[in-house]
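A.B. asks: Below is run_8.txt; it holds compact mmCIF, C-alpha atoms.
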# COMPACT_ATOMS: atom_id res chain seq x y z
CA MET T 1 23.19 -28.72 -28.15
CA ASN T 2 23.94 -31.52 -30.60
CA LEU T 3 26.60 -29.32 -32.12
CA ILE T 4 28.79 -29.77 -29.05
CA PRO T 5 29.63 -33.49 -29.22
CA PHE T 6 32.14 -33.72 -26.37
CA ARG T 7 29.62 -32.99 -23.66
CA THR T 8 28.51 -35.90 -21.53
CA LYS T 9 24.92 -36.73 -20.98
CA ARG T 10 25.18 -35.34 -17.48
CA THR T 11 26.35 -31.92 -18.52
CA SER T 12 23.82 -31.78 -21.31
CA GLY T 13 21.22 -32.44 -18.63
CA ILE T 14 22.43 -29.34 -16.84
CA ASP T 15 22.31 -27.50 -20.12
CA ALA T 16 18.70 -28.52 -20.53
CA GLY T 17 18.15 -26.76 -17.23
CA ASN T 18 19.91 -23.71 -18.57
CA MET T 19 17.78 -23.88 -21.68
CA ALA T 20 14.69 -23.89 -19.47
CA THR T 21 16.01 -20.78 -17.76
CA LEU T 22 16.67 -19.25 -21.13
CA ALA T 23 13.15 -20.13 -22.23
CA ASP T 24 11.83 -18.48 -19.07
CA PHE T 25 13.90 -15.44 -19.87
CA ARG T 26 12.58 -15.35 -23.43
CA ASN T 27 9.00 -15.70 -22.17
CA GLU T 28 9.61 -12.93 -19.69
CA MET T 29 10.99 -10.67 -22.42
CA ASN T 30 7.99 -11.48 -24.60
CA ARG T 31 5.70 -10.71 -21.72
CA LEU T 32 7.40 -7.36 -21.18
CA PHE T 33 7.16 -6.43 -24.83
CA GLU T 34 3.56 -7.57 -25.02
CA GLY T 35 2.91 -5.54 -21.90
CA PHE T 36 4.37 -2.52 -23.57
CA PHE T 37 1.73 -2.66 -26.27
CA SER T 38 -1.25 -4.21 -24.56
CA ARG T 39 -0.94 -2.73 -21.03
CA PRO T 40 -1.90 -5.57 -18.73
CA LEU T 41 -4.20 -3.97 -16.21
CA MET T 42 -3.80 -5.98 -13.05
CA MET T 43 -0.25 -4.93 -12.22
CA PRO T 44 1.81 -1.77 -12.53
CA THR T 45 3.62 -2.26 -15.82
CA TRP T 46 7.37 -2.16 -16.02
CA PHE T 47 7.48 1.30 -17.58
CA GLU T 48 5.40 2.59 -14.70
CA GLN T 49 8.07 1.74 -12.16
CA ALA T 50 8.94 4.52 -9.75
CA GLU T 51 11.93 6.73 -10.40
CA PRO T 52 14.93 6.08 -8.19
CA GLY T 53 14.35 7.75 -4.82
CA GLN T 54 10.62 7.89 -5.39
CA TRP T 55 7.83 5.56 -4.49
CA MET T 56 4.54 4.75 -6.09
CA PRO T 57 1.21 4.34 -4.34
CA ALA T 58 -0.85 1.21 -5.01
CA ILE T 59 -4.04 1.90 -6.93
CA ASP T 60 -7.41 0.44 -7.74
CA MET T 61 -9.22 1.27 -10.93
CA SER T 62 -12.76 0.39 -11.85
CA GLU T 63 -15.34 1.65 -14.30
CA ASP T 64 -19.02 1.61 -15.12
CA GLU T 65 -20.81 2.98 -18.19
CA SER T 66 -20.17 6.64 -17.42
CA LYS T 67 -17.38 6.85 -14.87
CA ILE T 68 -13.89 5.66 -14.08
CA CYS T 69 -12.95 5.46 -10.42
CA VAL T 70 -9.33 5.40 -9.28
CA ARG T 71 -8.36 4.88 -5.66
CA ALA T 72 -4.85 5.22 -4.27
CA GLU T 73 -3.59 4.19 -0.87
CA LEU T 74 -1.87 7.28 0.50
CA PRO T 75 -1.84 7.14 4.29
CA GLY T 76 -0.58 10.11 6.27
CA MET T 77 -0.91 12.88 3.71
CA GLY T 78 -1.66 16.49 4.51
CA PRO T 79 -4.19 18.52 2.50
CA ASP T 80 -1.46 20.17 0.40
CA ASP T 81 0.64 17.07 -0.10
CA VAL T 82 -1.26 15.51 -3.00
CA ASP T 83 -1.76 16.86 -6.51
CA VAL T 84 -4.11 15.34 -9.03
CA SER T 85 -4.01 16.32 -12.68
CA VAL T 86 -6.01 14.90 -15.53
CA SER T 87 -5.60 15.01 -19.26
CA GLU T 88 -7.86 13.24 -21.68
CA ASP T 89 -6.16 9.88 -21.46
CA ARG T 90 -4.05 10.10 -18.33
CA LEU T 91 -4.42 10.66 -14.62
CA VAL T 92 -1.33 11.83 -12.78
CA ILE T 93 -1.09 11.71 -8.99
CA THR T 94 1.96 13.40 -7.51
CA GLY T 95 2.89 14.48 -4.05
CA GLU T 96 5.19 14.11 -1.16
CA LYS T 97 4.87 12.31 2.10
CA LYS T 98 6.61 14.54 4.57
CA THR T 99 9.12 12.85 6.80
CA GLU T 100 8.13 13.46 10.34
CA SER T 101 11.17 14.21 12.39
CA ALA T 102 11.96 11.91 15.22
CA THR T 103 11.59 13.82 18.43
CA GLY T 104 14.30 13.20 20.97
CA GLY T 105 15.49 9.87 22.25
CA ASN T 106 17.24 7.46 19.95
CA GLY T 107 15.21 8.46 16.89
CA TRP T 108 13.69 6.00 14.43
CA ALA T 109 14.22 2.47 15.55
CA HIS T 110 12.43 0.91 12.61
CA ARG T 111 10.95 2.27 9.38
CA GLU T 112 8.79 0.56 6.82
CA SER T 113 6.45 3.22 5.49
CA HIS T 114 7.06 5.13 2.28
CA HIS T 115 8.46 8.61 2.55
CA GLY T 116 9.43 11.34 0.15
CA SER T 117 7.99 12.25 -3.20
CA PHE T 118 5.92 10.02 -5.41
CA THR T 119 4.49 10.16 -8.90
CA ARG T 120 2.01 7.87 -10.52
CA ALA T 121 0.88 8.38 -14.09
CA ILE T 122 -2.07 6.15 -14.85
CA PRO T 123 -3.10 5.59 -18.46
CA LEU T 124 -6.89 5.67 -18.66
CA PRO T 125 -8.77 3.01 -20.62
CA GLU T 126 -11.06 5.61 -22.19
CA ALA T 127 -10.98 9.33 -22.83
CA VAL T 128 -12.41 11.41 -19.99
CA ASP T 129 -13.67 14.96 -19.63
CA PRO T 130 -10.91 16.76 -17.68
CA SER T 131 -13.42 19.35 -16.44
CA GLN T 132 -15.57 16.73 -14.70
CA VAL T 133 -13.25 15.18 -12.17
CA THR T 134 -13.67 14.94 -8.43
CA ALA T 135 -10.96 13.98 -5.97
CA ARG T 136 -11.53 13.22 -2.32
CA TYR T 137 -9.08 12.22 0.38
CA ASP T 138 -10.47 10.31 3.31
CA LYS T 139 -8.84 8.05 5.90
CA GLY T 140 -5.64 7.77 3.92
CA VAL T 141 -7.34 6.80 0.65
CA LEU T 142 -7.51 9.13 -2.35
CA THR T 143 -10.56 8.57 -4.55
CA VAL T 144 -10.67 10.18 -7.98
CA GLU T 145 -13.83 9.97 -10.05
CA LEU T 146 -13.56 10.73 -13.72
CA THR T 147 -16.42 11.14 -16.13
CA LYS T 148 -16.02 9.47 -19.47
CA SER T 149 -16.09 11.86 -22.38
CA PRO T 150 -19.14 11.18 -24.56
CA THR T 151 -17.55 12.82 -27.60
CA ALA T 152 -14.64 10.45 -27.48
CA ALA T 153 -16.80 7.34 -27.29
CA SER T 154 -16.30 5.10 -30.26
CA ARG T 155 -18.61 5.93 -33.08
CA LYS T 156 -20.34 3.31 -35.12
CA VAL T 157 -19.68 3.91 -38.78
CA PRO T 158 -22.36 2.66 -41.12
CA VAL T 159 -21.01 0.77 -44.10
CA GLN T 160 -22.50 1.97 -47.33
CA MET T 161 -23.28 -0.74 -49.79
CA GLY T 162 -22.47 -0.17 -53.43
CA GLY T 163 -24.98 -1.30 -56.01
CA MET Z 1 -10.64 4.52 19.60
CA THR Z 2 -11.03 1.61 21.94
CA LEU Z 3 -8.07 0.69 24.04
CA SER Z 4 -8.67 -2.71 25.51
CA LEU Z 5 -6.08 -4.53 27.50
CA THR Z 6 -7.10 -8.01 26.43
CA THR Z 7 -6.58 -9.76 23.13
CA THR Z 8 -9.49 -10.95 21.02
CA ALA Z 9 -10.64 -14.48 21.77
CA PRO Z 10 -9.64 -16.82 18.90
CA GLU Z 11 -13.07 -18.53 18.76
CA ALA Z 12 -14.82 -15.22 18.26
CA GLU Z 13 -12.31 -14.45 15.53
CA VAL Z 14 -13.08 -17.62 13.61
CA ALA Z 15 -16.81 -16.97 13.85
CA ARG Z 16 -16.43 -13.50 12.50
CA ARG Z 17 -14.34 -14.66 9.60
CA GLN Z 18 -17.01 -17.08 8.53
CA THR Z 19 -19.58 -14.31 8.33
CA PRO Z 20 -20.33 -13.86 4.64
CA GLY Z 21 -19.64 -10.49 3.12
CA GLU Z 22 -16.75 -9.67 5.43
CA PRO Z 23 -13.21 -9.45 4.15
CA THR Z 24 -11.32 -12.62 4.97
CA LEU Z 25 -7.79 -11.51 4.20
CA THR Z 26 -5.49 -10.06 6.77
CA TYR Z 27 -2.62 -7.72 6.04
CA GLN Z 28 0.35 -6.55 8.01
CA PRO Z 29 0.45 -2.78 8.09
CA HIS Z 30 3.73 -1.01 7.45
CA VAL Z 31 4.98 0.50 10.66
CA ASP Z 32 7.50 3.07 11.80
CA VAL Z 33 8.78 2.76 15.33
CA CYS Z 34 10.41 5.67 17.08
CA ASP Z 35 12.15 5.46 20.43
CA THR Z 36 11.58 8.77 22.16
CA GLY Z 37 13.45 7.86 25.30
CA SER Z 38 10.38 8.24 27.50
CA GLY Z 39 8.62 5.58 25.42
CA LEU Z 40 7.91 4.29 21.95
CA THR Z 41 5.85 5.86 19.21
CA ILE Z 42 4.53 3.36 16.70
CA ARG Z 43 2.94 4.60 13.49
CA ALA Z 44 1.06 2.08 11.37
CA ASP Z 45 -0.30 2.72 7.88
CA ILE Z 46 -3.91 1.56 8.01
CA PRO Z 47 -5.65 3.30 5.12
CA GLY Z 48 -9.42 2.97 4.86
CA ALA Z 49 -10.18 2.05 8.47
CA SER Z 50 -12.17 4.09 10.96
CA ALA Z 51 -11.12 4.89 14.51
CA ASP Z 52 -13.87 2.84 16.14
CA SER Z 53 -12.97 -0.29 14.17
CA ILE Z 54 -9.38 -0.33 15.44
CA ASP Z 55 -8.42 -2.35 18.49
CA VAL Z 56 -5.18 -1.78 20.31
CA ALA Z 57 -4.40 -4.27 23.02
CA PHE Z 58 -1.45 -4.70 25.35
CA GLU Z 59 -0.97 -7.89 27.29
CA ASP Z 60 2.07 -9.67 28.68
CA GLY Z 61 4.39 -7.26 26.98
CA VAL Z 62 2.75 -7.79 23.58
CA LEU Z 63 1.10 -4.87 21.84
CA ALA Z 64 -1.47 -6.08 19.32
CA VAL Z 65 -3.18 -3.98 16.66
CA HIS Z 66 -6.24 -5.16 14.80
CA ALA Z 67 -8.18 -2.98 12.38
CA LYS Z 68 -11.27 -3.89 10.44
CA VAL Z 69 -11.52 -2.33 7.02
CA PRO Z 70 -14.91 -2.43 5.31
CA ALA Z 71 -15.06 -4.08 1.90
CA ARG Z 72 -15.14 -1.60 -0.92
CA ASN Z 73 -18.15 -1.28 -3.15
CA LEU Z 74 -16.71 -1.05 -6.59
CA PRO Z 75 -18.71 -0.18 -9.65
CA ALA Z 76 -19.25 -2.76 -12.35
CA ARG Z 77 -15.88 -3.57 -13.84
CA VAL Z 78 -12.55 -3.76 -12.06
CA LEU Z 79 -9.64 -2.73 -14.26
CA ARG Z 80 -6.85 -2.81 -11.73
CA GLN Z 81 -6.51 -4.03 -8.21
CA GLU Z 82 -3.07 -3.53 -6.79
CA TYR Z 83 -3.98 -3.59 -3.15
CA GLY Z 84 -6.27 -5.90 -1.30
CA ILE Z 85 -8.90 -4.93 1.20
CA GLY Z 86 -8.91 -6.88 4.39
CA ASP Z 87 -8.20 -6.54 8.04
CA TYR Z 88 -4.91 -5.28 9.35
CA ARG Z 89 -3.28 -7.19 12.12
CA ARG Z 90 0.12 -6.94 13.67
CA SER Z 91 1.61 -7.45 17.09
CA PHE Z 92 4.80 -6.29 18.72
CA ARG Z 93 6.62 -7.94 21.57
CA LEU Z 94 7.75 -4.98 23.62
CA GLY Z 95 8.89 -6.85 26.68
CA GLU Z 96 9.12 -5.48 30.18
CA GLY Z 97 9.34 -1.90 31.25
CA PHE Z 98 6.32 -0.40 29.46
CA ASP Z 99 3.30 1.14 31.09
CA GLY Z 100 0.25 -0.62 29.63
CA ALA Z 101 -2.21 1.69 31.35
CA GLY Z 102 -0.52 4.75 29.84
CA ILE Z 103 -0.79 3.66 26.21
CA SER Z 104 -2.64 6.11 23.99
CA ALA Z 105 -3.60 5.76 20.35
CA GLU Z 106 -4.85 8.15 17.67
CA TYR Z 107 -6.06 7.53 14.12
CA ARG Z 108 -5.63 10.30 11.60
CA ARG Z 109 -5.54 10.29 7.79
CA GLY Z 110 -5.08 6.57 7.56
CA VAL Z 111 -2.25 6.42 10.07
CA LEU Z 112 -2.58 4.93 13.54
CA SER Z 113 -0.17 6.45 16.07
CA ILE Z 114 0.38 4.61 19.32
CA ASP Z 115 2.35 6.07 22.20
CA VAL Z 116 3.69 3.50 24.62
CA PRO Z 117 5.27 5.15 27.65
CA ARG Z 118 8.05 3.48 29.57
CA LEU Z 119 7.53 2.85 33.25
CA ALA Z 120 8.99 5.71 35.22
CA ALA Z 121 11.45 3.36 36.88
CA VAL Z 122 13.13 2.44 33.59
CA ARG Z 123 13.07 5.82 31.85
CA PRO Z 124 16.48 7.25 31.12
CA ARG Z 125 17.28 9.78 33.78
CA LYS Z 126 19.73 12.57 33.57
CA VAL Z 127 21.69 12.84 36.74
CA ALA Z 128 22.91 16.27 37.66
CA VAL Z 129 26.51 16.33 38.80
CA ARG Z 130 27.10 18.62 41.69
CA VAL Z 131 30.34 20.36 42.31
CA ALA Z 132 31.75 19.25 45.57
CA ASN Z 133 33.18 22.05 47.59
CA ALA Z 134 36.27 20.45 48.89
For the file at hand, write its structure as structure tokens.

C.D. replies:
Amino acid sequence: MNLIPFRTKRTSGIDAGNMATLADFRNEMNRLFEGFFSRPLMMPTWFEQAEPGQWMPAIDMSEDESKICVRAELPGMGPDDVDVSVSEDRLVITGEKKTESATGGNGWAHRESHHGSFTRAIPLPEAVDPSQVTARYDKGVLTVELTKSPTAASRKVPVQMGG
Amino acid sequence: MTLSLTTTAPEAEVARRQTPGEPTLTYQPHVDVCDTGSGLTIRADIPGASADSIDVAFEDGVLAVHAKVPARNLPARVLRQEYGIGDYRRSFRLGEGFDGAGISAEYRRGVLSIDVPRLAAVRPRKVAVRVANA
């Protein structure tokens, strides 16, 4: 800012504010780029955002030694409305929440719930065995249990010592 | 499903919330409200509750919903937690003209549906127009 000599102290004060905003912006950009590579796990990451016109269910993910458990809040689904597919490193939950038609009267006075199709692709922290997956839907919560793949577990490589 | 016509006493509420091991957070469920003419249908997203832990109360024109959701037992390590587990609570001021005794509620697949009928006196009525034979 020293390169602009005609500015008064007052305006440079405002500029300092702008610089703070700019620093925030830079930090935010850094955070996004770091997120891209390190996948922060407590929030849906920016590349996981729902497509326009779609929504994304909130999830929980937890693990123990042998299993990964993913839960998704999906109230009001029918038995054929949810699809779960698993590859080695990814769990994809897709489906559609059917819009119930308003019957008679003045129709919907107020709507807050999610409707329409949704997709959620969840990167898994470890490789899983796609043949050993169970999915259960109960009281509006989808629970998917995945078994970690033992073959994909990291292998300890002994270091051979030369003479 | 219990349909009580009184609201929970606040003192009892405080006592319950101090019980260790119970969720202490309260969430507002998302709701859809549909005016059917003969009444209102309110649908609230309450995933994870059970029908006997949901209270629906109607008093002085206020419809109150309270649902207890049991805490989840998660295995060792939590990797993501995008939604909280706690009780759901929400109330609606409906005003006059609704039939408290006729309210019915149903819980299915995580969605609570409440039907609130209007009193017969205030329901929209279609009036047949007769042809006068002049």

A.B. asks: Can you work out which residues from chain Z touch chain T at a cut-off of 10 Å (counting only C-alpha atoms) and hand them back as a ChimeraX atom specification?

C.D. replies: /Z:29-51,74-84,107-112,124

A.B. asks: I need the chosen residues saved as a tab-separated table (two decimals), in the frame of the given file, with C-alpha atoms.

C.D. replies:
chain	number	residue	atom	x	y	z
Z	29	PRO	CA	0.45	-2.78	8.09
Z	30	HIS	CA	3.73	-1.01	7.45
Z	31	VAL	CA	4.98	0.50	10.66
Z	32	ASP	CA	7.50	3.07	11.80
Z	33	VAL	CA	8.78	2.76	15.33
Z	34	CYS	CA	10.41	5.67	17.08
Z	35	ASP	CA	12.15	5.46	20.43
Z	36	THR	CA	11.58	8.77	22.16
Z	37	GLY	CA	13.45	7.86	25.30
Z	38	SER	CA	10.38	8.24	27.50
Z	39	GLY	CA	8.62	5.58	25.42
Z	40	LEU	CA	7.91	4.29	21.95
Z	41	THR	CA	5.85	5.86	19.21
Z	42	ILE	CA	4.53	3.36	16.70
Z	43	ARG	CA	2.94	4.60	13.49
Z	44	ALA	CA	1.06	2.08	11.37
Z	45	ASP	CA	-0.30	2.72	7.88
Z	46	ILE	CA	-3.91	1.56	8.01
Z	47	PRO	CA	-5.65	3.30	5.12
Z	48	GLY	CA	-9.42	2.97	4.86
Z	49	ALA	CA	-10.18	2.05	8.47
Z	50	SER	CA	-12.17	4.09	10.96
Z	51	ALA	CA	-11.12	4.89	14.51
Z	74	LEU	CA	-16.71	-1.05	-6.59
Z	75	PRO	CA	-18.71	-0.18	-9.65
Z	76	ALA	CA	-19.25	-2.76	-12.35
Z	77	ARG	CA	-15.88	-3.57	-13.84
Z	78	VAL	CA	-12.55	-3.76	-12.06
Z	79	LEU	CA	-9.64	-2.73	-14.26
Z	80	ARG	CA	-6.85	-2.81	-11.73
Z	81	GLN	CA	-6.51	-4.03	-8.21
Z	82	GLU	CA	-3.07	-3.53	-6.79
Z	83	TYR	CA	-3.98	-3.59	-3.15
Z	84	GLY	CA	-6.27	-5.90	-1.30
Z	107	TYR	CA	-6.06	7.53	14.12
Z	108	ARG	CA	-5.63	10.30	11.60
Z	109	ARG	CA	-5.54	10.29	7.79
Z	110	GLY	CA	-5.08	6.57	7.56
Z	111	VAL	CA	-2.25	6.42	10.07
Z	112	LEU	CA	-2.58	4.93	13.54
Z	124	PRO	CA	16.48	7.25	31.12

A.B. asks: Using atom CA of Ser66 of chain T and atom CA of Pro150 of chain T as the two end points, give the distance in Å to one decimal.

C.D. replies: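 The value is 8.5 Å.
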
A.B. asks: Hey, can you check how far atom CA of Asp89 of chain T sits from atom CA of Ile85 of chain Z?

C.D. replies: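 Going from atom CA of Asp89 of chain T over to atom CA of Ile85 of chain Z covers 27.2 Å.
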
A.B. asks: Any idea what the distance is between atom CA of Thr119 of chain T and atom CA of Ala135 of chain T?

C.D. replies: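 Distance reported for this atom pair: 16.2 Å.
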
A.B. asks: Find, counting all atoms listed in the file, the residue in Z:Asp99, Z:Glu59, Z:Asp87, Z:Asp52 that gets nearest to Val122 of chain Z.

C.D. replies: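 The shortest atom-to-atom distance to Val122 of chain Z comes from Z:Asp99.
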
A.B. asks: Show me the residues around (5.7, 8.9, 2.2) - criterion: an atom at most 6 Å away, all atoms listed in the file counted - as a PyMOL selection string.

C.D. replies: chain T and resi 97+114-116

A.B. asks: Taking all atoms of segment 36-54 of chain Z that the file lists, what box with edges along x, y and z, padded by 5 Å per side, do you get, with centre and edge lengths in Å to one decimal, as JSON?

C.D. replies:
{"center_x": -0.2, "center_y": 4.2, "center_z": 16.2, "size_x": 37.3, "size_y": 19.1, "size_z": 32.6}
